[in-house]
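The structure file target26.txt is reproduced below (compact mmCIF, C-alpha atoms (C1' of nucleotides)).
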```txt
# COMPACT_ATOMS: atom_id res chain seq x y z
CA MET T 1 -52.80 -10.52 -23.43
CA PRO T 2 -50.90 -12.71 -25.81
CA ARG T 3 -51.09 -16.26 -26.91
CA LEU T 4 -48.06 -17.31 -24.86
CA ASN T 5 -48.20 -19.24 -21.60
CA SER T 6 -51.87 -19.80 -21.28
CA SER T 7 -51.78 -22.51 -18.60
CA ASN T 8 -50.66 -21.98 -15.02
CA GLU T 9 -48.64 -25.17 -15.04
CA LYS T 10 -46.70 -24.10 -18.09
CA GLY T 11 -46.32 -20.64 -16.62
CA LYS T 12 -44.82 -22.04 -13.48
CA SER T 13 -42.26 -24.13 -15.36
CA GLN T 14 -41.38 -21.16 -17.56
CA LYS T 15 -40.62 -19.11 -14.46
CA SER T 16 -38.24 -21.76 -13.19
CA LEU T 17 -36.64 -22.06 -16.59
CA LEU T 18 -36.08 -18.32 -16.93
CA MET T 19 -34.33 -18.19 -13.56
CA ALA T 20 -32.24 -21.23 -14.49
CA TYR T 21 -31.15 -19.29 -17.58
CA TYR T 22 -30.44 -16.30 -15.39
CA TRP T 23 -28.12 -18.16 -13.04
CA ALA T 24 -26.39 -19.97 -15.88
CA MET T 25 -25.63 -16.62 -17.52
CA GLU T 26 -24.64 -15.02 -14.21
CA ASP T 27 -22.30 -17.89 -13.41
CA HIS T 28 -20.63 -17.52 -16.77
CA PHE T 29 -20.40 -13.76 -17.16
CA GLY T 30 -20.64 -12.49 -13.59
CA PHE T 31 -22.70 -9.52 -12.43
CA GLN T 32 -23.03 -7.01 -15.26
CA ASP T 33 -24.29 -3.93 -13.38
CA TRP T 34 -25.10 -2.50 -16.75
CA TRP T 35 -25.87 0.33 -18.85
CA PRO T 36 -22.87 2.54 -19.38
CA GLY T 37 -23.78 6.11 -18.50
CA GLU T 38 -23.21 8.34 -15.52
CA THR T 39 -26.46 10.31 -15.66
CA PRO T 40 -30.05 9.72 -16.86
CA ASP T 41 -29.35 12.13 -19.73
CA GLU T 42 -26.28 10.20 -20.85
CA VAL T 43 -28.16 6.89 -20.66
CA ALA T 44 -31.05 8.21 -22.74
CA ILE T 45 -28.75 9.80 -25.31
CA GLY T 46 -26.87 6.51 -25.56
CA ALA T 47 -30.16 4.65 -26.08
CA ILE T 48 -30.89 6.72 -29.18
CA LEU T 49 -27.34 6.65 -30.51
CA THR T 50 -27.05 2.88 -30.23
CA GLN T 51 -29.97 2.16 -32.55
CA ASN T 52 -28.80 -0.46 -35.03
CA THR T 53 -25.19 0.38 -34.23
CA ASN T 54 -22.26 -1.21 -32.44
CA TRP T 55 -21.77 0.26 -28.97
CA SER T 56 -18.09 1.00 -29.62
CA ASN T 57 -19.19 3.48 -32.30
CA VAL T 58 -21.54 5.07 -29.79
CA GLU T 59 -18.78 5.45 -27.22
CA LYS T 60 -16.85 7.73 -29.55
CA ALA T 61 -19.91 9.89 -30.10
CA ILE T 62 -20.51 10.06 -26.34
CA ARG T 63 -16.90 11.11 -25.79
CA ASN T 64 -17.28 13.84 -28.41
CA LEU T 65 -20.47 15.11 -26.79
CA LYS T 66 -18.84 15.10 -23.38
CA ALA T 67 -15.77 16.93 -24.66
CA ALA T 68 -18.05 19.55 -26.19
CA GLY T 69 -19.92 19.90 -22.90
CA ALA T 70 -23.06 18.74 -24.67
CA LEU T 71 -23.85 15.46 -22.94
CA SER T 72 -27.11 16.66 -21.45
CA ILE T 73 -30.64 17.25 -22.69
CA SER T 74 -30.47 21.00 -22.18
CA LYS T 75 -27.13 21.40 -23.96
CA LEU T 76 -28.15 19.21 -26.88
CA ALA T 77 -31.09 21.45 -27.60
CA SER T 78 -28.82 24.46 -27.93
CA LEU T 79 -26.42 22.95 -30.48
CA ALA T 80 -26.62 23.78 -34.17
CA ARG T 81 -27.75 20.91 -36.36
CA LYS T 82 -24.50 20.50 -38.23
CA GLU T 83 -22.51 20.67 -35.03
CA LEU T 84 -24.57 17.98 -33.31
CA ALA T 85 -24.49 15.74 -36.39
CA SER T 86 -20.74 16.14 -36.57
CA LEU T 87 -20.26 15.20 -32.92
CA ILE T 88 -22.28 11.99 -33.28
CA ARG T 89 -20.95 11.05 -36.70
CA SER T 90 -19.23 7.86 -35.52
CA SER T 91 -22.52 6.36 -34.33
CA GLY T 92 -23.80 6.11 -37.90
CA TYR T 93 -27.10 7.43 -39.33
CA PHE T 94 -25.92 10.72 -37.89
CA ASN T 95 -28.41 12.93 -39.72
CA ILE T 96 -31.32 10.75 -38.58
CA LYS T 97 -30.03 10.52 -35.03
CA GLU T 98 -29.43 14.26 -34.89
CA ARG T 99 -33.15 14.75 -35.53
CA ARG T 100 -34.08 12.10 -33.03
CA LEU T 101 -31.92 13.52 -30.26
CA ARG T 102 -33.35 16.95 -30.94
CA ALA T 103 -36.94 15.70 -30.89
CA PHE T 104 -36.32 13.91 -27.61
CA SER T 105 -34.60 16.87 -25.98
CA GLU T 106 -37.44 19.16 -27.08
CA GLU T 107 -39.99 16.82 -25.49
CA ILE T 108 -38.10 16.84 -22.20
CA MET T 109 -37.35 20.56 -22.25
CA GLN T 110 -40.90 21.62 -23.12
CA ASN T 111 -42.90 19.18 -21.02
CA PHE T 112 -40.65 18.07 -18.19
CA ASN T 113 -38.62 21.17 -17.46
CA GLY T 114 -35.51 19.53 -18.90
CA SER T 115 -35.53 16.65 -16.43
CA ILE T 116 -35.91 13.07 -17.65
CA LEU T 117 -36.60 11.92 -14.12
CA LYS T 118 -39.68 14.16 -13.97
CA MET T 119 -41.26 11.82 -16.50
CA SER T 120 -41.74 9.35 -13.67
CA SER T 121 -44.35 11.70 -12.20
CA ILE T 122 -46.91 10.54 -14.78
CA PRO T 123 -48.49 7.02 -14.82
CA PHE T 124 -46.36 4.31 -16.40
CA ASN T 125 -48.53 3.67 -19.45
CA ALA T 126 -48.81 7.36 -20.19
CA LEU T 127 -45.06 7.75 -19.80
CA ARG T 128 -44.34 4.97 -22.27
CA GLU T 129 -46.88 6.33 -24.76
CA ARG T 130 -45.34 9.76 -24.38
CA LEU T 131 -41.92 8.43 -25.31
CA LEU T 132 -43.30 6.41 -28.22
CA ALA T 133 -44.92 9.54 -29.59
CA VAL T 134 -41.50 11.16 -30.01
CA ASN T 135 -40.24 10.73 -33.55
CA GLY T 136 -37.36 8.28 -33.52
CA ILE T 137 -38.24 6.55 -30.26
CA GLY T 138 -39.63 3.08 -30.82
CA GLU T 139 -40.43 0.36 -28.33
CA GLU T 140 -36.89 -0.76 -27.57
CA THR T 141 -35.52 2.74 -27.15
CA ALA T 142 -38.50 3.75 -25.00
CA ASP T 143 -38.08 0.73 -22.74
CA SER T 144 -34.32 1.26 -22.50
CA ILE T 145 -34.88 4.84 -21.35
CA ILE T 146 -37.58 3.79 -18.89
CA LEU T 147 -35.57 0.93 -17.38
CA TYR T 148 -32.07 2.37 -17.33
CA ALA T 149 -32.57 6.13 -17.11
CA ILE T 150 -35.86 6.47 -15.24
CA GLU T 151 -35.45 3.14 -13.46
CA ALA T 152 -39.02 1.93 -13.70
CA PRO T 153 -39.63 -1.80 -14.30
CA THR T 154 -40.12 -2.55 -17.99
CA PHE T 155 -38.41 -5.33 -19.91
CA VAL T 156 -36.25 -4.36 -22.88
CA VAL T 157 -36.53 -6.51 -25.98
CA ASP T 158 -33.58 -6.05 -28.31
CA THR T 159 -32.04 -8.08 -31.12
CA TYR T 160 -30.28 -10.37 -28.66
CA THR T 161 -33.32 -10.89 -26.45
CA ARG T 162 -35.36 -11.79 -29.50
CA ARG T 163 -32.68 -14.08 -30.91
CA VAL T 164 -32.04 -15.99 -27.69
CA ALA T 165 -35.75 -16.36 -26.85
CA SER T 166 -36.57 -17.50 -30.36
CA ARG T 167 -33.70 -19.96 -30.74
CA HIS T 168 -34.52 -21.53 -27.40
CA GLY T 169 -38.17 -21.93 -28.31
CA LEU T 170 -39.35 -19.64 -25.52
CA VAL T 171 -41.40 -17.61 -27.99
CA PRO T 172 -42.55 -18.25 -31.56
CA LYS T 173 -40.15 -17.25 -34.33
CA ASN T 174 -42.54 -14.54 -35.46
CA ALA T 175 -43.37 -13.24 -31.97
CA THR T 176 -43.99 -9.52 -31.75
CA TYR T 177 -42.11 -7.12 -29.50
CA ALA T 178 -45.12 -6.97 -27.17
CA GLU T 179 -45.36 -10.75 -26.94
CA ILE T 180 -41.70 -11.20 -26.05
CA LYS T 181 -41.86 -8.40 -23.52
CA TYR T 182 -44.96 -9.95 -21.99
CA PHE T 183 -43.30 -13.36 -21.82
CA TYR T 184 -40.41 -12.07 -19.74
CA GLU T 185 -42.44 -9.71 -17.60
CA SER T 186 -45.03 -12.32 -16.72
CA ASN T 187 -42.42 -14.92 -15.81
CA LEU T 188 -39.97 -12.77 -13.81
CA GLU T 189 -40.43 -10.83 -10.59
CA LYS T 190 -41.27 -7.26 -11.55
CA ASP T 191 -38.05 -5.76 -10.29
CA VAL T 192 -35.94 -3.02 -11.87
CA ASP T 193 -32.61 -4.54 -10.87
CA LEU T 194 -33.61 -8.00 -12.09
CA PHE T 195 -34.88 -6.63 -15.41
CA LYS T 196 -31.67 -4.65 -15.89
CA GLU T 197 -29.40 -7.55 -15.07
CA TYR T 198 -31.40 -10.06 -17.09
CA HIS T 199 -31.31 -7.88 -20.18
CA ALA T 200 -27.60 -7.20 -19.70
CA LEU T 201 -26.89 -10.90 -19.46
CA LEU T 202 -28.90 -11.62 -22.61
CA VAL T 203 -26.82 -9.03 -24.42
CA ALA T 204 -23.63 -10.67 -23.13
CA VAL T 205 -24.81 -14.04 -24.41
CA GLY T 206 -25.83 -12.47 -27.69
CA LYS T 207 -22.53 -10.72 -28.23
CA HIS T 208 -20.44 -13.77 -27.46
CA PHE T 209 -22.47 -16.70 -28.69
CA CYS T 210 -25.85 -15.91 -30.21
CA LYS T 211 -24.81 -14.20 -33.43
CA PRO T 212 -26.70 -14.53 -36.70
CA LYS T 213 -24.43 -17.54 -37.13
CA PRO T 214 -24.69 -19.12 -33.66
CA GLN T 215 -21.53 -20.17 -31.83
CA CYS T 216 -23.16 -22.31 -29.18
CA GLU T 217 -20.26 -24.55 -28.21
CA HIS T 218 -19.29 -22.71 -25.03
CA CYS T 219 -22.52 -20.79 -24.47
CA PRO T 220 -23.81 -21.12 -20.88
CA LEU T 221 -27.29 -21.71 -22.29
CA SER T 222 -26.29 -24.42 -24.74
CA CYS T 223 -27.51 -27.21 -22.48
CA TYR T 224 -31.03 -25.79 -22.72
CA LEU T 225 -31.12 -26.02 -26.49
C1' DG G 1 -15.15 -6.96 -49.68
C1' DA G 2 -18.81 -8.98 -46.86
C1' DC G 3 -20.95 -9.16 -42.66
C1' DC G 4 -22.56 -7.37 -38.46
C1' DA G 5 -23.96 -4.04 -34.81
C1' DG G 6 -28.21 -2.90 -28.16
C1' DG G 7 -33.91 0.50 -34.64
C1' DC G 8 -37.11 3.35 -36.59
C1' DA G 9 -40.11 5.72 -39.90
C1' DC G 10 -42.22 5.66 -44.02
C1' DA G 11 -43.98 3.92 -48.54
C1' DT G 12 -46.23 0.42 -50.83
C1' DC G 13 -48.99 -3.49 -51.62
C1' DG I 1 -51.04 -6.18 -41.44
C1' DA I 2 -46.88 -7.54 -43.76
C1' DT I 3 -42.96 -6.44 -46.33
C1' DG I 4 -39.30 -3.52 -48.34
C1' DT I 5 -36.25 0.41 -48.11
C1' DG I 6 -33.36 4.32 -46.55
C1' DC I 7 -30.45 5.83 -43.15
C1' DA I 8 -24.10 5.32 -42.32
C1' DT I 9 -20.14 4.42 -39.43
C1' DG I 10 -16.54 1.28 -37.90
C1' DG I 11 -14.74 -3.33 -36.29
C1' DT I 12 -13.83 -8.14 -37.63
```

Structure translated into structure tokens:
Amino acid sequence: MPRLNSSNEKGKSQKSLLMAYYWAMEDHFGFQDWWPGETPDEVAIGAILTQNTNWSNVEKAIRNLKAAGALSISKLASLARKELASLIRSSGYFNIKERRLRAFSEEIMQNFNGSILKMSSIPFNALRERLLAVNGIGEETADSIILYAIEAPTFVVDTYTRRVASRHGLVPKNATYAEIKYFYESNLEKDVDLFKEYHALLVAVGKHFCKPKPQCEHCPLSCYL
DNA sequence: GACCAGGCACATC
DNA sequence: GATGTGCATGGT
């Protein structure tokens, strides 16, 4: 695939660099053991609700869904449109996200007997394509569901991943989602726990230091800039 | 009041 | 293929 890391020598150094980043972030932030969510359903619902939205806004919506006994794929599908939209209002874009949650729950109910984990019974590429075919699930949301809910190894590229990788010159400024994903996946051991933790640490760096206006002074990665 | 936050689909050129 | 736009709340 992509135009990144064509030579073995460069590839080797990139692998060392990525793990140096990893330990620098781990030293600073500690083990993240991340994605908030007690069940695969809750994780997947959170992945859709958090699209272009602050997580604190999502937490309120999750609490509402839980209080209504609707924090599962099967329950979501049975809610009236207005009721579901009302419950997730705080997460923003609530009409759009209501449709997206419904489309996702219908996919799981109709084709996987209501169980997200049953998606892992089909080959990885088919599984990812299946998710991408659901209206409202793009690459990041699909990969978040695969990594954190289904727990299959795929690297999640979000705003923070893109921002950190770009600012540090790991990928071109105009790199595509697929190119960034490939960069990380080809330079890290293909391991679910590593992919989870690495992404979580990138988000921690992003939230604290790698904003649109960077605040690099105390960033654990600043010495690599 | 402006900016930002763990995107995506769709229209248009 | 690239670019622009609509979707919306809530914290800083």

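Residues in contact with DT9 of chain I at up to 8 Å, not including ones fewer than 3 positions away on its chain and judged by all atoms listed in the file, are Asn57, Arg89, Ser90, Ser91, Gly92 and Tyr93 of chain T.
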
Given all atoms listed in the file, how would the per-residue table for chain G near chain T read, listing every residue at most 8 Å away with its closest atom pair and distance in Å to one decimal, sorted by chain and number, as a Markdown table?
```
| residue | atom | partner | partner_atom | distance |
| --- | --- | --- | --- | --- |
| G:DA5 | C1' | T:Asn54 | CA | 4.1 |
| G:DG6 | C1' | T:Asp158 | CA | 6.2 |
| G:DG7 | C1' | T:Gln51 | CA | 4.8 |
| G:DC8 | C1' | T:Gly136 | CA | 5.8 |
| G:DA9 | C1' | T:Gly136 | CA | 7.4 |
```

Grab the residues selected above and save them as a PDB file, in the coordinates of the input with C-alpha atoms (C1' of nucleotides).
```pdb
ATOM      1  C1'  DA G   5     -23.960  -4.040 -34.810  1.00  0.00           C
ATOM      2  C1'  DG G   6     -28.210  -2.900 -28.160  1.00  0.00           C
ATOM      3  C1'  DG G   7     -33.910   0.500 -34.640  1.00  0.00           C
ATOM      4  C1'  DC G   8     -37.110   3.350 -36.590  1.00  0.00           C
ATOM      5  C1'  DA G   9     -40.110   5.720 -39.900  1.00  0.00           C
TER       6       DA G   9
END
```

Quick one: contact table of chain I to chain T, 12 Å max, nearest atom pair and distance in Å to one decimal per residue, counting all atoms listed in the file, chain and number order, as CSV?
```
residue,atom,partner,partner_atom,distance
I:DA2,C1',T:Asn174,CA,11.7
I:DG6,C1',T:Tyr93,CA,10.0
I:DC7,C1',T:Tyr93,CA,5.3
I:DA8,C1',T:Gly92,CA,4.5
I:DT9,C1',T:Gly92,CA,4.3
I:DG10,C1',T:Asn57,CA,6.6
I:DG11,C1',T:Ser56,CA,8.6
```

Would you mind listing what lies within 12 Å of DG4 of chain I as a compact mmCIF listing (two decimals) with C-alpha atoms (C1' of nucleotides), in the frame of the given file, with all atoms listed in the file counted and same-chain residues fewer than 5 positions away left out?
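In the end it all went to selection-v3.txt:
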```txt
# COMPACT_ATOMS: atom_id res chain seq x y z
C1' DC G 10 -42.22 5.66 -44.02
C1' DA G 11 -43.98 3.92 -48.54
C1' DT G 12 -46.23 0.42 -50.83
C1' DC G 13 -48.99 -3.49 -51.62
```

Rounded to one decimal place, report the atom CA of Ile73 of chain T-atom CA of Val192 of chain T distance in Å. 23.6 Å

Please indicate the distance in Å from atom CA of Asp193 of chain T to atom CA of Tyr177 of chain T, rounded to one decimal place.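 So the answer is 21.1 Å.
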
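Note that the spacing between atom C1' of DC4 of chain G and atom CA of Lys213 of chain T amounts to 10.4 Å.
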
Check the smallest atom-to-atom distance from each of T:Met119, T:Leu127, T:Ala70, T:Leu18 to Leu194 of chain T using all atoms listed in the file, then report the winner.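 Closest to Leu194 of chain T of all the choices is T:Leu18.
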
Who sits within 9 Å of Asp191 of chain T, only C-alpha atoms (C1' of nucleotides), same chain under 6 positions skipped, as JSON, numbers by chain: {"T": [152, 153, 154]}

Please save C-alpha atoms of the selected residues as a JSON list (two decimals), in the frame of the given file.
```json
[["chain", "number", "residue", "atom", "x", "y", "z"],
["T", 152, "ALA", "CA", -39.02, 1.93, -13.70],
["T", 153, "PRO", "CA", -39.63, -1.80, -14.30],
["T", 154, "THR", "CA", -40.12, -2.55, -17.99]]
```

Will you give me chain I, written with N, CA and C atoms (P, O5', C5', C4', C3', O3' and C1' of nucleotides) and laid out as a PDB file, in the first residue's frame?
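Contents of the output file selection00.pdb:
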```pdb
ATOM      1  P    DG I   1     -10.943   8.963  -7.690  1.00  0.00           P
ATOM      2  O5'  DG I   1     -10.453  10.287  -6.943  1.00  0.00           O
ATOM      3  C5'  DG I   1      -9.180  10.767  -7.261  1.00  0.00           C
ATOM      4  C4'  DG I   1      -9.107  12.225  -6.919  1.00  0.00           C
ATOM      5  C3'  DG I   1      -9.073  12.522  -5.419  1.00  0.00           C
ATOM      6  O3'  DG I   1      -8.129  13.557  -5.208  1.00  0.00           O
ATOM      7  C1'  DG I   1     -10.908  13.648  -6.407  1.00  0.00           C
ATOM      8  P    DA I   2      -7.663  14.050  -3.839  1.00  0.00           P
ATOM      9  O5'  DA I   2      -8.395  15.461  -3.747  1.00  0.00           O
ATOM     10  C5'  DA I   2      -8.132  16.445  -4.738  1.00  0.00           C
ATOM     11  C4'  DA I   2      -8.952  17.678  -4.465  1.00  0.00           C
ATOM     12  C3'  DA I   2      -8.949  18.146  -3.007  1.00  0.00           C
ATOM     13  O3'  DA I   2      -8.691  19.537  -2.990  1.00  0.00           O
ATOM     14  C1'  DA I   2     -11.187  17.837  -3.762  1.00  0.00           C
ATOM     15  P    DT I   3      -8.528  20.345  -1.645  1.00  0.00           P
ATOM     16  O5'  DT I   3      -9.956  21.038  -1.507  1.00  0.00           O
ATOM     17  C5'  DT I   3     -10.515  21.724  -2.621  1.00  0.00           C
ATOM     18  C4'  DT I   3     -11.923  22.172  -2.284  1.00  0.00           C
ATOM     19  C3'  DT I   3     -12.087  22.672  -0.846  1.00  0.00           C
ATOM     20  O3'  DT I   3     -12.675  23.960  -0.862  1.00  0.00           O
ATOM     21  C1'  DT I   3     -13.779  21.127  -1.396  1.00  0.00           C
ATOM     22  P    DG I   4     -12.964  24.771   0.457  1.00  0.00           P
ATOM     23  O5'  DG I   4     -14.549  24.635   0.567  1.00  0.00           O
ATOM     24  C5'  DG I   4     -15.345  24.947  -0.580  1.00  0.00           C
ATOM     25  C4'  DG I   4     -16.818  24.850  -0.235  1.00  0.00           C
ATOM     26  C3'  DG I   4     -17.186  25.420   1.138  1.00  0.00           C
ATOM     27  O3'  DG I   4     -18.441  26.089   1.003  1.00  0.00           O
ATOM     28  C1'  DG I   4     -17.772  23.123   1.048  1.00  0.00           C
ATOM     29  P    DT I   5     -19.076  26.842   2.242  1.00  0.00           P
ATOM     30  O5'  DT I   5     -20.171  25.785   2.734  1.00  0.00           O
ATOM     31  C5'  DT I   5     -21.159  25.338   1.812  1.00  0.00           C
ATOM     32  C4'  DT I   5     -22.128  24.412   2.509  1.00  0.00           C
ATOM     33  C3'  DT I   5     -22.522  24.873   3.917  1.00  0.00           C
ATOM     34  O3'  DT I   5     -23.927  24.786   4.040  1.00  0.00           O
ATOM     35  C1'  DT I   5     -21.776  22.642   3.971  1.00  0.00           C
ATOM     36  P    DG I   6     -24.654  25.531   5.246  1.00  0.00           P
ATOM     37  O5'  DG I   6     -25.460  24.345   5.934  1.00  0.00           O
ATOM     38  C5'  DG I   6     -26.260  23.495   5.124  1.00  0.00           C
ATOM     39  C4'  DG I   6     -26.624  22.257   5.918  1.00  0.00           C
ATOM     40  C3'  DG I   6     -27.047  22.556   7.361  1.00  0.00           C
ATOM     41  O3'  DG I   6     -28.210  21.796   7.652  1.00  0.00           O
ATOM     42  C1'  DG I   6     -25.245  21.019   7.351  1.00  0.00           C
ATOM     43  P    DC I   7     -29.036  22.117   8.940  1.00  0.00           P
ATOM     44  O5'  DC I   7     -28.551  21.004   9.969  1.00  0.00           O
ATOM     45  C5'  DC I   7     -28.761  19.630   9.666  1.00  0.00           C
ATOM     46  C4'  DC I   7     -27.926  18.798  10.602  1.00  0.00           C
ATOM     47  C3'  DC I   7     -28.071  19.181  12.091  1.00  0.00           C
ATOM     48  O3'  DC I   7     -28.401  18.027  12.819  1.00  0.00           O
ATOM     49  C1'  DC I   7     -25.837  18.857  11.515  1.00  0.00           C
ATOM     50  P    DA I   8     -29.304  18.104  14.053  1.00  0.00           P
ATOM     51  O5'  DA I   8     -28.357  18.887  15.060  1.00  0.00           O
ATOM     52  C5'  DA I   8     -28.733  20.109  15.612  1.00  0.00           C
ATOM     53  C4'  DA I   8     -28.175  20.163  17.014  1.00  0.00           C
ATOM     54  C3'  DA I   8     -28.369  21.502  17.737  1.00  0.00           C
ATOM     55  O3'  DA I   8     -28.547  21.195  19.109  1.00  0.00           O
ATOM     56  C1'  DA I   8     -26.086  21.058  17.544  1.00  0.00           C
ATOM     57  P    DT I   9     -29.067  22.239  20.159  1.00  0.00           P
ATOM     58  O5'  DT I   9     -28.391  21.700  21.490  1.00  0.00           O
ATOM     59  C5'  DT I   9     -28.320  20.303  21.743  1.00  0.00           C
ATOM     60  C4'  DT I   9     -27.033  19.991  22.487  1.00  0.00           C
ATOM     61  C3'  DT I   9     -26.803  20.878  23.719  1.00  0.00           C
ATOM     62  O3'  DT I   9     -26.762  20.043  24.849  1.00  0.00           O
ATOM     63  C1'  DT I   9     -24.835  20.732  22.359  1.00  0.00           C
ATOM     64  P    DG I  10     -26.889  20.684  26.309  1.00  0.00           P
ATOM     65  O5'  DG I  10     -25.358  20.985  26.696  1.00  0.00           O
ATOM     66  C5'  DG I  10     -24.462  19.887  26.823  1.00  0.00           C
ATOM     67  C4'  DG I  10     -23.059  20.415  27.087  1.00  0.00           C
ATOM     68  C3'  DG I  10     -22.985  21.524  28.144  1.00  0.00           C
ATOM     69  O3'  DG I  10     -21.811  21.291  28.892  1.00  0.00           O
ATOM     70  C1'  DG I  10     -21.966  22.256  26.187  1.00  0.00           C
ATOM     71  P    DG I  11     -21.644  21.872  30.360  1.00  0.00           P
ATOM     72  O5'  DG I  11     -20.080  22.096  30.427  1.00  0.00           O
ATOM     73  C5'  DG I  11     -19.202  21.042  30.048  1.00  0.00           C
ATOM     74  C4'  DG I  11     -17.866  21.612  29.648  1.00  0.00           C
ATOM     75  C3'  DG I  11     -17.313  22.661  30.607  1.00  0.00           C
ATOM     76  O3'  DG I  11     -15.938  22.385  30.842  1.00  0.00           O
ATOM     77  C1'  DG I  11     -17.440  23.553  28.401  1.00  0.00           C
ATOM     78  P    DT I  12     -15.129  23.234  31.931  1.00  0.00           P
ATOM     79  O5'  DT I  12     -14.319  24.278  31.028  1.00  0.00           O
ATOM     80  C5'  DT I  12     -13.451  23.782  30.008  1.00  0.00           C
ATOM     81  C4'  DT I  12     -12.815  24.951  29.287  1.00  0.00           C
ATOM     82  C3'  DT I  12     -12.312  26.079  30.210  1.00  0.00           C
ATOM     83  O3'  DT I  12     -10.989  26.417  29.825  1.00  0.00           O
ATOM     84  C1'  DT I  12     -13.683  26.959  28.493  1.00  0.00           C
TER      85       DT I  12
END
```
